[in-house]
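Student: Have a look at this one before I ask anything.
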2 protein chains.
Amino acid sequence: MHTLAIVGLGLLGGSVAAAARSRRLAARYLGYDRDPQVCALAQRLGLVDAAGPDLTAALGAAEVVVICTPVASVVATVERVLPLLAPGSLITDTASTKSSIAATASRLAAARGCAFVGAHPLAGSQQSGCLHARADLFAGRLTVLTPTADNTPAQIERASAFWQSLGAQVRPMSPEDHDRALAFTSHLPHLLASALIGCIPLEWLGVSGPGLRDTTRIAASQPTLWADIFLDNRLALMLAVDAFRHRLDHLTSSLAAADRERLLHLLQEGKDVRDQLGS
Amino acid sequence: MHTLAIVGLGLLGGSVAAAARSRRLAARYLGYDRDPQVCALAQRLGLVDAAGPDLTAALGAAEVVVICTPVASVVATVERVLPLLAPGSLITDTASTKSSIAATASRLAAARGCAFVGAHPLAGSQQSGCLHARADLFAGRLTVLTPTADNTPAQIERASAFWQSLGAQVRPMSPEDHDRALAFTSHLPHLLASALIGCIPLEWLGVSGPGLRDTTRIAASQPTLWADIFLDNRLALMLAVDAFRHRLDHLTSSLAAADRERLLHLLQEGKDVRDQLGS
């Protein structure tokens, strides 16, 4: 690849650049971020060769563009990027929700002779900013690819190869299945972590060990990013919350009844599932 | 100290032995565990000099006895240990709940001319067994000391010095305050982690990243240990669950109303608290 462009130079964008560079995927790396200071930092860190706050004609040289902006601005960014690209270019992204983005973006791209194949690397962190970018952020981690009917098999294969070349394990899913799954495995845990840390009396916060730190770490994530993720996947997330409440009700009714056998059974079921995840 | 005795050679008991030995706290280490294989393992690992399934007269030489059995058997163990001890001996423990244990155990010990000063090192792990024992398990971590009216200042100071000598930061609290605090900072997170992992559709379990692993790691803990902790601290835990539900209701009603400002506000409050905990 001659030129790889990255729009949005946060943790994910910076890590895409770092991973691509460490694997020598492209000859030239272009970066865009609405914050000029972030652009300067990304250049200083050696993540990109050139960076600026405004999309430029230089984008026309990019074979692949990765949109790493927050969920709420991915489609608008795709709309601004497309007129600058050469036909045949591939756009992919890193957004945590896919249904609302993938359908629109892939249709817009197809109409311009380009391709948008949505992606979600499950490799975030409560940290943010390209200062925390890591070349190995995607290595061995799952990246879900969410093609639509507007994507050809060749486009899907190209996007898959791109993410694999960053070290990711790629798994294709429909945007809708992705959002239903992530409502349970990512958005629900974030919401619960926030509710948990938010209900603890401050005087007792310090009387805690690694368990509380682990279970609430993701509650330190950026509120604006997560509010938009929650809102974009609102219905699926509310169904996940219902399922969680149902399970919690089982546990607390066993507790209220001091039913040790039932409590043990429920905890063992949870442990059996958790043991499948590994440490 | 000439002799240190440890009853219950699991992760905590093994780590007390390892920490004491690495700091050369005693000349001789005695271990007891109802499982003869665990006793043999603890000896083979060099954690204790002698170990066996039955409490022996050798315990009479122990200046300090640490009870590291599960919550439900601490008081019964104290009752069996006391007749073997020399007057002036100190008993401490590692149980995760304190109200029901500390009052009874400290009264029994005082009646025998010994002292029981309850302790709870906030340093567990989802792992169990002395194979995972670590000499640094308590280092820099909080150990809550829960003295009662049956303890003299000198006894409290002695127990405090013992735990500090294992590397712990010691904080005294009443057994009741300890149990109210830990209901929020430890028992509630465990219950929620189990409810969370237990509600996730199995087909989507693999579509997950580090966030799910972190938030549910403690759900892999031993069900029997935690069922007894939950039951022993049932009322405080149910109050904590109520507080959590209240906070979750705020979050989900903001979500249902698509009230981004209120959602942002709640998430920011959670982040502010979490940021105080450190990574």
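Just remember, in the structure tokens the first chain shown is A, the second B, etc., residues are 1-based per chain, and ligands are 1-based in the order shown.
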Write out as a PyMOL selection string each polymer residue whose atoms come within 10 Å of B:Leu225, counting only C-alpha atoms; drop sequence neighbours fewer than 6 positions from it.

Tutor: (chain A and resi 264) or (chain B and resi 69-72+96)

Student: How close does stretch 89-154 of chain B get to stretch 13-35 of chain B? List, as CSV, each residue of stretch 89-154 of chain B within 9 Å, its nearest atom pair and the distance in Å to one decimal, counting only C-alpha atoms.

Tutor:
```
residue,atom,partner,partner_atom,distance
B:Thr94,CA,B:Gly13,CA,8.4
B:Gly129,CA,B:Gly14,CA,7.7
B:Cys130,CA,B:Gly14,CA,4.7
B:Leu131,CA,B:Gly14,CA,7.9
B:His132,CA,B:Gly14,CA,8.0
B:Ala133,CA,B:Ser15,CA,4.4
B:Arg134,CA,B:Ser15,CA,5.0
B:Ala135,CA,B:Ala19,CA,3.9
B:Asp136,CA,B:Ala19,CA,6.2
B:Leu137,CA,B:Ser15,CA,6.4
B:Phe138,CA,B:Ala19,CA,7.9
B:Ala139,CA,B:Ala19,CA,8.7
```

Student: Write out as a ChimeraX atom specification each polymer residue whose atoms come within 10 Å of A:Leu188, counting only C-alpha atoms; drop sequence neighbours fewer than 5 positions from it.

Tutor: /A:182-183,193-194,230,236-241,244 /B:196,200,212

Student: Based on the selection just made, write C-alpha atoms of those residues as a tab-separated table (two decimals), in the first residue's frame.

Tutor:
```
chain	number	residue	atom	x	y	z
A	182	LEU	CA	-22.06	-5.89	22.09
A	183	ALA	CA	-25.06	-4.59	24.04
A	193	ALA	CA	-19.62	-0.37	36.12
A	194	SER	CA	-20.83	3.22	36.16
A	230	PHE	CA	-25.40	3.83	24.64
A	236	ALA	CA	-30.54	-3.50	22.38
A	237	LEU	CA	-28.91	-2.14	25.53
A	238	MET	CA	-32.23	-1.83	27.33
A	239	LEU	CA	-33.04	-5.44	26.49
A	240	ALA	CA	-29.64	-6.45	27.89
A	241	VAL	CA	-30.35	-4.47	31.08
A	244	PHE	CA	-29.36	-8.57	33.73
B	196	LEU	CA	-23.62	-10.01	34.54
B	200	ILE	CA	-24.96	-13.10	28.65
B	212	LEU	CA	-16.06	-7.95	29.98
```

Student: One number please: atom CA of A:Ala109 to atom CA of A:Asp177, in Å, one decimal.

Tutor: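 Spanning atom CA of A:Ala109 to atom CA of A:Asp177 is a straight-line distance of 22.1 Å.
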
Student: From the DSSP assignment of the backbone, select every residue of stretch 155-224 of chain A that is alpha helix (DSSP H), and format the answer as JSON, numbers by chain.

Tutor: {"A": [155, 156, 157, 158, 159, 160, 161, 162, 163, 164, 165, 175, 176, 177, 178, 179, 180, 181, 182, 188, 189, 190, 191, 192, 193, 194, 195, 196, 197, 198, 199, 210, 211, 212, 213, 214, 215, 216, 223, 224]}

Student: Between atom CA of B:Ala111 and atom CA of B:Gly10, what is the distance in Å, rounded to a tenth?

Tutor: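 Taking atom CA of B:Ala111 and atom CA of B:Gly10, their separation equals 29.1 Å.
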
Student: To one decimal place, how far is atom CA of A:Asp54 from atom CA of A:Met1 in Å?

Tutor: 22.9 Å

Student: Do you know which residues are at most 7 Å from B:Glu63 counting only C-alpha atoms, after dropping those on the same chain fewer than 3 positions away, and could you put them as a list in words?

Tutor: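 So the residues in contact are Met1, Thr3, Leu4, Ser89 and Leu90 of chain B.
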
Student: Next, the residues of the selection above should be written as a short mmCIF file (atom, residue, chain, number, x, y, z; two decimals), in the first residue's frame with C-alpha atoms.

Tutor:
```cif
data_model
loop_
_atom_site.label_atom_id
_atom_site.label_comp_id
_atom_site.auth_asym_id
_atom_site.auth_seq_id
_atom_site.Cartn_x
_atom_site.Cartn_y
_atom_site.Cartn_z
CA MET B 1 8.39 -14.79 67.41
CA THR B 3 6.18 -20.15 66.38
CA LEU B 4 3.50 -18.92 63.96
CA SER B 89 -1.58 -15.97 72.62
CA LEU B 90 -3.02 -13.87 69.83
#
```
